[in-house]
file entry.pdb (PDB, C-alpha atoms)
MODEL        1
ATOM      1  CA  MET A1186       1.183   7.105  -6.623  1.00  0.00           C
ATOM      2  CA  LYS A1187      -1.109   9.643  -8.300  1.00  0.00           C
ATOM      3  CA  PHE A1188      -1.407  12.653  -5.998  1.00  0.00           C
ATOM      4  CA  GLY A1189      -4.272  15.075  -6.483  1.00  0.00           C
ATOM      5  CA  GLY A1190      -3.401  17.646  -3.868  1.00  0.00           C
ATOM      6  CA  LEU A1191      -1.894  18.479  -0.501  1.00  0.00           C
ATOM      7  CA  GLN A1192      -3.551  20.390   2.322  1.00  0.00           C
ATOM      8  CA  LYS A1193      -0.571  21.502   4.348  1.00  0.00           C
ATOM      9  CA  LEU A1194      -2.381  21.886   7.664  1.00  0.00           C
ATOM     10  CA  THR A1195      -5.599  20.469   9.111  1.00  0.00           C
ATOM     11  CA  LEU A1196      -6.916  20.475  12.665  1.00  0.00           C
ATOM     12  CA  LEU A1197     -10.088  18.588  11.686  1.00  0.00           C
ATOM     13  CA  ASP A1198      -9.211  15.608   9.481  1.00  0.00           C
ATOM     14  CA  TYR A1199      -7.236  13.602  12.049  1.00  0.00           C
ATOM     15  CA  PRO A1200      -8.915  13.505  15.484  1.00  0.00           C
ATOM     16  CA  GLU A1201      -6.754  15.121  18.195  1.00  0.00           C
ATOM     17  CA  HIS A1202      -3.730  15.572  15.920  1.00  0.00           C
ATOM     18  CA  VAL A1203      -2.177  18.407  13.934  1.00  0.00           C
ATOM     19  CA  ALA A1204      -1.878  16.942  10.469  1.00  0.00           C
ATOM     20  CA  CYS A1205      -1.734  17.471   6.742  1.00  0.00           C
ATOM     21  CA  THR A1206      -3.997  15.801   4.181  1.00  0.00           C
ATOM     22  CA  ILE A1207      -2.795  14.112   1.010  1.00  0.00           C
ATOM     23  CA  PHE A1208      -5.361  13.564  -1.766  1.00  0.00           C
ATOM     24  CA  THR A1209      -5.025  10.724  -4.257  1.00  0.00           C
ATOM     25  CA  TYR A1210      -6.628  10.524  -7.691  1.00  0.00           C
ATOM     26  CA  GLY A1211      -9.121   7.935  -8.865  1.00  0.00           C
ATOM     27  CA  CYS A1212     -12.023   6.021  -7.320  1.00  0.00           C
ATOM     28  CA  ASN A1213     -13.954   2.858  -8.113  1.00  0.00           C
ATOM     29  CA  PHE A1214     -17.205   4.432  -6.855  1.00  0.00           C
ATOM     30  CA  ARG A1215     -19.250   7.235  -8.400  1.00  0.00           C
ATOM     31  CA  CYS A1216     -21.231   8.502  -5.419  1.00  0.00           C
ATOM     32  CA  PRO A1217     -23.546  11.228  -6.760  1.00  0.00           C
ATOM     33  CA  PHE A1218     -22.951  13.375  -3.660  1.00  0.00           C
ATOM     34  CA  CYS A1219     -19.134  13.148  -3.870  1.00  0.00           C
ATOM     35  CA  HIS A1220     -17.634  16.622  -3.564  1.00  0.00           C
ATOM     36  CA  ASN A1221     -14.286  15.537  -5.051  1.00  0.00           C
ATOM     37  CA  ASN A1222     -15.498  15.037  -8.605  1.00  0.00           C
ATOM     38  CA  SER A1223     -12.221  16.336 -10.035  1.00  0.00           C
ATOM     39  CA  LEU A1224     -10.320  13.631  -8.129  1.00  0.00           C
ATOM     40  CA  VAL A1225     -12.713  10.811  -8.999  1.00  0.00           C
ATOM     41  CA  THR A1226     -13.558  11.244 -12.684  1.00  0.00           C
ATOM     42  CA  VAL A1227     -10.094  12.292 -13.816  1.00  0.00           C
ATOM     43  CA  ASN A1228      -8.451  11.637 -17.184  1.00  0.00           C
ATOM     44  CA  PHE A1229      -4.861  10.787 -16.225  1.00  0.00           C
ATOM     45  CA  SER A1230      -3.573  11.312 -19.776  1.00  0.00           C
ATOM     46  CA  ASN A1231      -4.288  15.059 -19.448  1.00  0.00           C
ATOM     47  CA  LEU A1232      -2.918  15.370 -15.932  1.00  0.00           C
ATOM     48  CA  GLU A1233       0.216  16.804 -14.402  1.00  0.00           C
ATOM     49  CA  LEU A1234       0.792  14.601 -11.373  1.00  0.00           C
ATOM     50  CA  SER A1235       2.516  15.666  -8.164  1.00  0.00           C
ATOM     51  CA  ASP A1236       5.858  14.021  -7.555  1.00  0.00           C
ATOM     52  CA  GLU A1237       6.138  11.533  -4.663  1.00  0.00           C
ATOM     53  CA  ASP A1238       9.627  12.760  -3.773  1.00  0.00           C
ATOM     54  CA  GLU A1239       8.279  16.295  -3.537  1.00  0.00           C
ATOM     55  CA  VAL A1240       5.549  15.188  -1.130  1.00  0.00           C
ATOM     56  CA  LEU A1241       8.058  13.282   1.003  1.00  0.00           C
ATOM     57  CA  ARG A1242      10.407  16.281   1.075  1.00  0.00           C
ATOM     58  CA  PHE A1243       7.546  18.426   2.382  1.00  0.00           C
ATOM     59  CA  LEU A1244       6.768  15.860   5.086  1.00  0.00           C
ATOM     60  CA  ASN A1245      10.410  15.664   6.092  1.00  0.00           C
ATOM     61  CA  LYS A1246      10.594  19.444   6.516  1.00  0.00           C
ATOM     62  CA  ARG A1247       7.404  19.548   8.624  1.00  0.00           C
ATOM     63  CA  LYS A1248       8.278  16.781  11.091  1.00  0.00           C
ATOM     64  CA  SER A1249       8.653  19.256  13.939  1.00  0.00           C
ATOM     65  CA  MET A1250       5.251  20.849  13.240  1.00  0.00           C
ATOM     66  CA  LEU A1251       2.971  18.006  12.175  1.00  0.00           C
ATOM     67  CA  GLU A1252       1.970  14.855  14.046  1.00  0.00           C
ATOM     68  CA  GLY A1253      -0.071  13.022  11.466  1.00  0.00           C
ATOM     69  CA  VAL A1254      -0.737  12.487   7.771  1.00  0.00           C
ATOM     70  CA  CYS A1255      -4.246  11.882   6.425  1.00  0.00           C
ATOM     71  CA  ILE A1256      -4.385   9.983   3.148  1.00  0.00           C
ATOM     72  CA  THR A1257      -7.682  10.371   1.318  1.00  0.00           C
ATOM     73  CA  GLY A1258      -9.070  10.472  -2.207  1.00  0.00           C
ATOM     74  CA  GLY A1259     -10.588   9.367  -4.368  1.00  0.00           C
ATOM     75  CA  GLU A1260      -9.882   5.901  -3.019  1.00  0.00           C
ATOM     76  CA  PRO A1261      -6.276   5.580  -1.786  1.00  0.00           C
ATOM     77  CA  LEU A1262      -6.267   1.764  -1.865  1.00  0.00           C
ATOM     78  CA  LEU A1263      -6.573   1.868  -5.669  1.00  0.00           C
ATOM     79  CA  GLN A1264      -3.014   3.162  -5.758  1.00  0.00           C
ATOM     80  CA  VAL A1265      -0.464   0.511  -6.750  1.00  0.00           C
ATOM     81  CA  GLY A1266       2.255   2.069  -4.596  1.00  0.00           C
ATOM     82  CA  ILE A1267       0.178   2.847  -1.512  1.00  0.00           C
ATOM     83  CA  VAL A1268       1.899   0.340   0.815  1.00  0.00           C
ATOM     84  CA  GLU A1269       5.375   1.546  -0.134  1.00  0.00           C
ATOM     85  CA  PHE A1270       4.361   5.193   0.219  1.00  0.00           C
ATOM     86  CA  ILE A1271       2.819   4.738   3.667  1.00  0.00           C
ATOM     87  CA  THR A1272       5.923   2.834   4.734  1.00  0.00           C
ATOM     88  CA  LYS A1273       8.038   5.876   3.834  1.00  0.00           C
ATOM     89  CA  VAL A1274       5.658   8.199   5.708  1.00  0.00           C
ATOM     90  CA  LYS A1275       5.841   6.006   8.816  1.00  0.00           C
ATOM     91  CA  GLN A1276       9.644   5.968   8.591  1.00  0.00           C
ATOM     92  CA  LEU A1277       9.517   9.759   8.950  1.00  0.00           C
ATOM     93  CA  GLY A1278       7.801   9.259  12.310  1.00  0.00           C
ATOM     94  CA  TYR A1279       4.244  10.262  11.407  1.00  0.00           C
ATOM     95  CA  LYS A1280       0.983   8.788  12.548  1.00  0.00           C
ATOM     96  CA  VAL A1281      -1.121   7.831   9.519  1.00  0.00           C
ATOM     97  CA  LYS A1282      -4.886   8.087   9.061  1.00  0.00           C
ATOM     98  CA  LEU A1283      -6.337   6.383   5.997  1.00  0.00           C
ATOM     99  CA  ASP A1284      -9.732   7.133   4.453  1.00  0.00           C
ATOM    100  CA  THR A1285     -11.255   4.278   2.462  1.00  0.00           C
ATOM    101  CA  ASN A1286     -14.529   3.059   1.000  1.00  0.00           C
ATOM    102  CA  GLY A1287     -13.768  -0.497   2.161  1.00  0.00           C
ATOM    103  CA  ALA A1288     -13.839  -2.048  -1.305  1.00  0.00           C
ATOM    104  CA  PHE A1289     -10.389  -3.636  -0.927  1.00  0.00           C
ATOM    105  CA  PRO A1290     -10.492  -5.660   2.300  1.00  0.00           C
ATOM    106  CA  GLU A1291      -7.319  -7.678   1.659  1.00  0.00           C
ATOM    107  CA  LYS A1292      -5.208  -4.586   1.079  1.00  0.00           C
ATOM    108  CA  LEU A1293      -6.847  -2.939   4.101  1.00  0.00           C
ATOM    109  CA  LYS A1294      -5.968  -5.946   6.275  1.00  0.00           C
ATOM    110  CA  GLU A1295      -2.379  -5.955   4.991  1.00  0.00           C
ATOM    111  CA  ILE A1296      -1.864  -2.293   5.828  1.00  0.00           C
ATOM    112  CA  VAL A1297      -3.400  -2.650   9.284  1.00  0.00           C
ATOM    113  CA  GLN A1298      -1.718  -5.930  10.229  1.00  0.00           C
ATOM    114  CA  THR A1299       1.726  -4.656   9.266  1.00  0.00           C
ATOM    115  CA  GLY A1300       1.250  -1.624  11.518  1.00  0.00           C
ATOM    116  CA  LEU A1301       1.326   0.962   8.744  1.00  0.00           C
ATOM    117  CA  VAL A1302      -1.763   2.896   9.836  1.00  0.00           C
ATOM    118  CA  ASP A1303      -2.896   4.274  13.171  1.00  0.00           C
ATOM    119  CA  TYR A1304      -6.490   5.222  12.304  1.00  0.00           C
ATOM    120  CA  ILE A1305      -8.975   4.156   9.616  1.00  0.00           C
ATOM    121  CA  ALA A1306     -12.009   6.151   8.549  1.00  0.00           C
ATOM    122  CA  MET A1307     -14.288   3.957   6.438  1.00  0.00           C
ATOM    123  CA  ASP A1308     -17.164   5.462   4.495  1.00  0.00           C
ATOM    124  CA  VAL A1309     -20.322   3.391   4.841  1.00  0.00           C
ATOM    125  CA  LYS A1310     -22.555   4.741   2.122  1.00  0.00           C
ATOM    126  CA  ASN A1311     -25.958   3.452   3.188  1.00  0.00           C
ATOM    127  CA  SER A1312     -27.841   0.279   4.103  1.00  0.00           C
ATOM    128  CA  GLN A1313     -26.783  -2.776   2.132  1.00  0.00           C
ATOM    129  CA  GLU A1314     -30.042  -2.669   0.162  1.00  0.00           C
ATOM    130  CA  GLU A1315     -29.400   0.925  -0.960  1.00  0.00           C
ATOM    131  CA  TYR A1316     -25.652   0.663  -1.508  1.00  0.00           C
ATOM    132  CA  ASN A1317     -25.500   0.485  -5.309  1.00  0.00           C
ATOM    133  CA  LYS A1318     -27.775   3.467  -5.761  1.00  0.00           C
ATOM    134  CA  THR A1319     -25.857   5.505  -3.204  1.00  0.00           C
ATOM    135  CA  ALA A1320     -22.404   4.541  -4.530  1.00  0.00           C
ATOM    136  CA  GLY A1321     -23.433   5.190  -8.141  1.00  0.00           C
ATOM    137  CA  CYS A1322     -22.218   1.784  -9.358  1.00  0.00           C
ATOM    138  CA  VAL A1323     -22.515  -1.965  -8.772  1.00  0.00           C
ATOM    139  CA  VAL A1324     -20.675  -2.675  -5.519  1.00  0.00           C
ATOM    140  CA  ASP A1325     -19.157  -5.942  -4.290  1.00  0.00           C
ATOM    141  CA  MET A1326     -21.022  -6.009  -0.974  1.00  0.00           C
ATOM    142  CA  ASN A1327     -19.100  -9.050   0.193  1.00  0.00           C
ATOM    143  CA  ALA A1328     -15.920  -6.949   0.105  1.00  0.00           C
ATOM    144  CA  ILE A1329     -17.577  -4.065   1.949  1.00  0.00           C
ATOM    145  CA  CYS A1330     -18.929  -6.396   4.630  1.00  0.00           C
ATOM    146  CA  GLN A1331     -15.494  -7.985   5.065  1.00  0.00           C
ATOM    147  CA  SER A1332     -13.978  -4.555   5.710  1.00  0.00           C
ATOM    148  CA  VAL A1333     -16.731  -3.621   8.177  1.00  0.00           C
ATOM    149  CA  GLU A1334     -16.329  -6.838  10.157  1.00  0.00           C
ATOM    150  CA  PHE A1335     -12.533  -6.607  10.127  1.00  0.00           C
ATOM    151  CA  LEU A1336     -12.574  -3.077  11.556  1.00  0.00           C
ATOM    152  CA  LYS A1337     -15.193  -3.976  14.160  1.00  0.00           C
ATOM    153  CA  ARG A1338     -12.756  -6.547  15.554  1.00  0.00           C
ATOM    154  CA  GLY A1339     -10.585  -3.625  16.690  1.00  0.00           C
ATOM    155  CA  ALA A1340      -7.197  -4.374  15.139  1.00  0.00           C
ATOM    156  CA  VAL A1341      -6.759  -0.616  14.650  1.00  0.00           C
ATOM    157  CA  ASP A1342      -8.497   2.519  15.895  1.00  0.00           C
ATOM    158  CA  TYR A1343     -11.277   3.423  13.475  1.00  0.00           C
ATOM    159  CA  GLU A1344     -14.509   5.187  12.689  1.00  0.00           C
ATOM    160  CA  PHE A1345     -17.345   4.514  10.308  1.00  0.00           C
ATOM    161  CA  ARG A1346     -18.909   7.558   8.685  1.00  0.00           C
ATOM    162  CA  THR A1347     -21.927   8.156   6.501  1.00  0.00           C
ATOM    163  CA  THR A1348     -22.575  11.289   4.476  1.00  0.00           C
ATOM    164  CA  VAL A1349     -26.295  11.814   4.990  1.00  0.00           C
ATOM    165  CA  THR A1350     -28.350  13.249   2.141  1.00  0.00           C
ATOM    166  CA  GLY A1351     -32.021  13.976   1.635  1.00  0.00           C
ATOM    167  CA  THR A1352     -31.903  12.147  -1.692  1.00  0.00           C
ATOM    168  CA  PHE A1353     -30.560   8.739  -0.662  1.00  0.00           C
ATOM    169  CA  HIS A1354     -31.188   8.409   3.073  1.00  0.00           C
ATOM    170  CA  ASN A1355     -34.281   8.085   5.241  1.00  0.00           C
ATOM    171  CA  GLU A1356     -35.238   6.676   8.646  1.00  0.00           C
ATOM    172  CA  HIS A1357     -35.448   3.121   7.351  1.00  0.00           C
ATOM    173  CA  SER A1358     -32.064   3.147   5.592  1.00  0.00           C
ATOM    174  CA  ILE A1359     -30.378   4.719   8.622  1.00  0.00           C
ATOM    175  CA  GLU A1360     -31.849   2.050  10.912  1.00  0.00           C
ATOM    176  CA  MET A1361     -30.810  -0.769   8.569  1.00  0.00           C
ATOM    177  CA  THR A1362     -27.282   0.675   8.412  1.00  0.00           C
ATOM    178  CA  ALA A1363     -27.180   0.996  12.200  1.00  0.00           C
ATOM    179  CA  LYS A1364     -28.209  -2.650  12.636  1.00  0.00           C
ATOM    180  CA  TRP A1365     -25.452  -3.669  10.235  1.00  0.00           C
ATOM    181  CA  LEU A1366     -22.857  -1.617  12.164  1.00  0.00           C
ATOM    182  CA  SER A1367     -24.203  -2.694  15.563  1.00  0.00           C
ATOM    183  CA  GLY A1368     -21.483  -2.705  18.197  1.00  0.00           C
ATOM    184  CA  ALA A1369     -19.103  -0.470  16.233  1.00  0.00           C
ATOM    185  CA  LYS A1370     -16.676   1.704  18.185  1.00  0.00           C
ATOM    186  CA  ARG A1371     -17.913   4.971  16.668  1.00  0.00           C
ATOM    187  CA  TRP A1372     -20.056   6.178  13.780  1.00  0.00           C
ATOM    188  CA  TYR A1373     -20.326   9.699  12.399  1.00  0.00           C
ATOM    189  CA  LEU A1374     -23.354  10.957  10.510  1.00  0.00           C
ATOM    190  CA  GLN A1375     -21.950  13.701   8.302  1.00  0.00           C
ATOM    191  CA  GLN A1376     -24.206  16.424   6.975  1.00  0.00           C
ATOM    192  CA  PHE A1377     -24.071  16.604   3.181  1.00  0.00           C
ATOM    193  CA  VAL A1378     -22.846  19.995   1.980  1.00  0.00           C
ATOM    194  CA  ALA A1379     -23.262  20.972  -1.650  1.00  0.00           C
ATOM    195  CA  SER A1380     -20.215  22.251  -3.526  1.00  0.00           C
ATOM    196  CA  SER A1381     -19.237  23.274  -7.032  1.00  0.00           C
ATOM    197  CA  ASP A1382     -17.372  19.976  -7.584  1.00  0.00           C
ATOM    198  CA  LEU A1383     -20.232  17.490  -7.137  1.00  0.00           C
ATOM    199  CA  ILE A1384     -20.740  14.492  -9.398  1.00  0.00           C
ATOM    200  CA  ASP A1385     -24.518  15.166  -9.338  1.00  0.00           C
ATOM    201  CA  SER A1386     -25.572  18.715  -8.549  1.00  0.00           C
ATOM    202  CA  THR A1387     -29.210  17.687  -7.954  1.00  0.00           C
ATOM    203  CA  VAL A1388     -28.466  15.841  -4.688  1.00  0.00           C
ATOM    204  CA  THR A1389     -30.176  17.432  -1.688  1.00  0.00           C
ATOM    205  CA  GLY A1390     -29.141  17.591   1.944  1.00  0.00           C
ATOM    206  CA  CYS A1391     -31.094  17.268   5.167  1.00  0.00           C
ATOM    207  CA  ASP A1392     -31.558  19.661   8.058  1.00  0.00           C
ATOM    208  CA  GLU A1393     -30.176  19.520  11.585  1.00  0.00           C
ATOM    209  CA  GLN A1394     -33.461  18.305  13.069  1.00  0.00           C
ATOM    210  CA  THR A1395     -33.543  15.328  10.688  1.00  0.00           C
ATOM    211  CA  LEU A1396     -29.917  14.480  11.441  1.00  0.00           C
ATOM    212  CA  LYS A1397     -30.638  14.478  15.179  1.00  0.00           C
ATOM    213  CA  LYS A1398     -33.611  12.171  14.590  1.00  0.00           C
ATOM    214  CA  TYR A1399     -31.324   9.826  12.646  1.00  0.00           C
ATOM    215  CA  GLN A1400     -28.764   9.999  15.446  1.00  0.00           C
ATOM    216  CA  GLY A1401     -31.405   8.858  17.922  1.00  0.00           C
ATOM    217  CA  ILE A1402     -32.287   5.904  15.705  1.00  0.00           C
ATOM    218  CA  ALA A1403     -28.625   5.000  15.221  1.00  0.00           C
ATOM    219  CA  GLN A1404     -27.743   5.142  18.911  1.00  0.00           C
ATOM    220  CA  LYS A1405     -30.011   2.181  19.619  1.00  0.00           C
ATOM    221  CA  TYR A1406     -27.427   0.042  17.808  1.00  0.00           C
ATOM    222  CA  VAL A1407     -24.205   2.108  17.798  1.00  0.00           C
ATOM    223  CA  GLU A1408     -24.118   3.958  21.103  1.00  0.00           C
ATOM    224  CA  ASN A1409     -21.210   6.186  20.083  1.00  0.00           C
ATOM    225  CA  THR A1410     -22.949   7.838  17.111  1.00  0.00           C
ATOM    226  CA  HIS A1411     -22.190  11.504  16.533  1.00  0.00           C
ATOM    227  CA  ILE A1412     -23.187  14.215  14.076  1.00  0.00           C
ATOM    228  CA  ARG A1413     -20.476  15.946  12.115  1.00  0.00           C
ATOM    229  CA  GLY A1414     -20.788  19.088  10.026  1.00  0.00           C
ATOM    230  CA  ILE A1415     -23.410  21.201  11.807  1.00  0.00           C
TER
ENDMDL
END
call {"tool": "encode", "arguments": {"input": "entry.pdb", "output": "structure tokens"}}
result
Amino acid sequence: MKFGGLQKLTLLDYPEHVACTIFTYGCNFRCPFCHNNSLVTVNFSNLELSDEDEVLRFLNKRKSMLEGVCITGGEPLLQVGIVEFITKVKQLGYKVKLDTNGAFPEKLKEIVQTGLVDYIAMDVKNSQEEYNKTAGCVVDMNAICQSVEFLKRGAVDYEFRTTVTGTFHNEHSIEMTAKWLSGAKRWYLQQFVASSDLIDSTVTGCDEQTLKKYQGIAQKYVENTHIRGI
């Protein structure tokens, strides 16, 4: 496991649970609006990596205070040892939330079907037609669609979420995404917020009024669509 950081307490990242957030290095996408550039475009040869035993010792000490562990990135499912690590976290008695871009459906299914995760948050970048541009690379859409359909079947509690920008999203792309996700349990439209660690600093956001308009469009297909970040 290549750990990029540890947020020792979060009341936001895991719905209805007091948790910590573990960041992993590396991602197969290059989303221009990604605010974790230092985790995504990292040169591992120049990196001092956190020790897995150290992370597990922290979790063991905090068992009486924390309920859940959020594992995010980067893309956690790139990690060779992710299954073994989550197994150890579960053995400590924690609930586990996993953030993923959905590019590894077989590994996602394995983790869910073996009961290693309690909640999945999958980033859905845009409509299928706009996916490559929004992800900043050529994406295997068959893999993404497999992950979407697997989660929609309800084997684990989940959410889809889309970071909404002014650069890559519009009414048409939101509607096409909503049709694709039709019938999903919940979908969050997240307001893009610029930071100093962006992959592309020219990406623009959109205002609250536009987000609410998009929410109205989305709710025709995914009734439980919410706005996050305003």
call {"tool": "resolve_selection", "arguments": {"input": "entry.pdb", "expression": "the PyMOL selection byres ((chain A and resi 1319) around 9)", "output": "ChimeraX atom specification"}}
result
/A:1215-1218,1310-1311,1315-1318,1320-1322,1353-1354
call {"tool": "write_last_selection", "arguments": {"input": "entry.pdb", "atoms": "C-alpha atoms", "output": "short mmCIF file (atom, residue, chain, number, x, y, z; two decimals), in the coordinates of the input"}}
result
data_model
loop_
_atom_site.label_atom_id
_atom_site.label_comp_id
_atom_site.auth_asym_id
_atom_site.auth_seq_id
_atom_site.Cartn_x
_atom_site.Cartn_y
_atom_site.Cartn_z
CA ARG A 1215 -19.25 7.24 -8.40
CA CYS A 1216 -21.23 8.50 -5.42
CA PRO A 1217 -23.55 11.23 -6.76
CA PHE A 1218 -22.95 13.38 -3.66
CA LYS A 1310 -22.56 4.74 2.12
CA ASN A 1311 -25.96 3.45 3.19
CA GLU A 1315 -29.40 0.92 -0.96
CA TYR A 1316 -25.65 0.66 -1.51
CA ASN A 1317 -25.50 0.48 -5.31
CA LYS A 1318 -27.78 3.47 -5.76
CA ALA A 1320 -22.40 4.54 -4.53
CA GLY A 1321 -23.43 5.19 -8.14
CA CYS A 1322 -22.22 1.78 -9.36
CA PHE A 1353 -30.56 8.74 -0.66
CA HIS A 1354 -31.19 8.41 3.07
#
call {"tool": "closest_atom_pairs", "arguments": {"input": "entry.pdb", "of": "segment 1303-1403 of chain A", "to": "segment 1262-1281 of chain A", "cutoff": "12 Å", "atoms": "all atoms listed in the file", "output": "Markdown table"}}
result
| residue | atom | partner | partner_atom | distance |
| --- | --- | --- | --- | --- |
| A:Asp1303 | CA | A:Val1281 | CA | 5.4 |
| A:Tyr1304 | CA | A:Val1281 | CA | 6.6 |
| A:Ile1305 | CA | A:Val1281 | CA | 8.7 |
| A:Ala1306 | CA | A:Val1281 | CA | 11.1 |
| A:Met1307 | CA | A:Leu1262 | CA | 11.8 |
| A:Val1341 | CA | A:Val1281 | CA | 11.4 |
| A:Asp1342 | CA | A:Val1281 | CA | 11.1 |
| A:Tyr1343 | CA | A:Val1281 | CA | 11.8 |
call {"tool": "write_last_selection", "arguments": {"input": "entry.pdb", "atoms": "C-alpha atoms", "output": "PDB file, in the frame of the given file"}}
result
ATOM      1  CA  ASP A1303      -2.896   4.274  13.171  1.00  0.00           C
ATOM      2  CA  TYR A1304      -6.490   5.222  12.304  1.00  0.00           C
ATOM      3  CA  ILE A1305      -8.975   4.156   9.616  1.00  0.00           C
ATOM      4  CA  ALA A1306     -12.009   6.151   8.549  1.00  0.00           C
ATOM      5  CA  MET A1307     -14.288   3.957   6.438  1.00  0.00           C
ATOM      6  CA  VAL A1341      -6.759  -0.616  14.650  1.00  0.00           C
ATOM      7  CA  ASP A1342      -8.497   2.519  15.895  1.00  0.00           C
ATOM      8  CA  TYR A1343     -11.277   3.423  13.475  1.00  0.00           C
TER       9      TYR A1343
END
call {"tool": "resolve_selection", "arguments": {"input": "entry.pdb", "expression": "the PyMOL selection byres ((chain A and resi 1189) around 9)", "output": "list in words"}}
result
Lys1187, Phe1188, Gly1190, Leu1191, Ile1207, Phe1208, Thr1209, Tyr1210, Gly1211, Ser1223, Leu1224, Leu1234, Ser1235, Gly1258 and Gly1259 of chain A
call {"tool": "residues_around", "arguments": {"input": "entry.pdb", "residues": "Cys1212 of chain A", "least_positions_apart": "2", "cutoff": "7 Å", "atoms": "all atoms listed in the file", "output": "list in words"}}
result
Phe1214, Val1225, Gly1259 and Glu1260 of chain A
call {"tool": "resolve_selection", "arguments": {"input": "entry.pdb", "expression": "the PyMOL selection byres ((chain A and resi 1204) around 10)", "output": "JSON, numbers by chain"}}
result
{"A": [1192, 1193, 1194, 1195, 1196, 1197, 1198, 1199, 1200, 1201, 1202, 1203, 1205, 1206, 1207, 1247, 1250, 1251, 1252, 1253, 1254, 1255, 1279, 1280, 1281, 1282]}
call {"tool": "atom_distance", "arguments": {"input": "entry.pdb", "atom1": "atom CA of Asp1236 of chain A", "atom2": "atom CA of Leu1383 of chain A"}}
result
26.3 Å
call {"tool": "atom_distance", "arguments": {"input": "entry.pdb", "atom1": "atom CA of Met1326 of chain A", "atom2": "atom CA of Thr1226 of chain A"}}
result
22.1 Å
call {"tool": "atom_distance", "arguments": {"input": "entry.pdb", "atom1": "atom CA of Arg1371 of chain A", "atom2": "atom CA of Gly1414 of chain A"}}
result
15.9 Å
call {"tool": "closest_residue", "arguments": {"input": "entry.pdb", "among": "A:Asn1409, A:Gln1313, A:Thr1285, A:Ser1332", "to": "Trp1365 of chain A", "atoms": "all atoms listed in the file"}}
result
A:Gln1313
call {"tool": "closest_residue", "arguments": {"input": "entry.pdb", "among": "A:Ser1312, A:Thr1299, A:Thr1389, A:Asn1221", "to": "Leu1366 of chain A", "atoms": "all atoms listed in the file"}}
result
A:Ser1312
call {"tool": "closest_residue", "arguments": {"input": "entry.pdb", "among": "A:Leu1293, A:Ala1363, A:Val1324, A:Val1309", "to": "Thr1347 of chain A", "atoms": "all atoms listed in the file"}}
result
A:Val1309
call {"tool": "residues_around", "arguments": {"input": "entry.pdb", "residues": "Gly1390 of chain A", "least_positions_apart": "4", "cutoff": "12 Å", "atoms": "all atoms listed in the file", "output": "ChimeraX atom specification"}}
result
/A:1218,1348-1355,1375-1380,1386,1394-1396,1414-1415
call {"tool": "closest_residue", "arguments": {"input": "entry.pdb", "among": "A:Lys1246, A:Lys1370, A:Lys1398, A:Lys1337", "to": "Glu1356 of chain A", "atoms": "all atoms listed in the file"}}
result
A:Lys1398
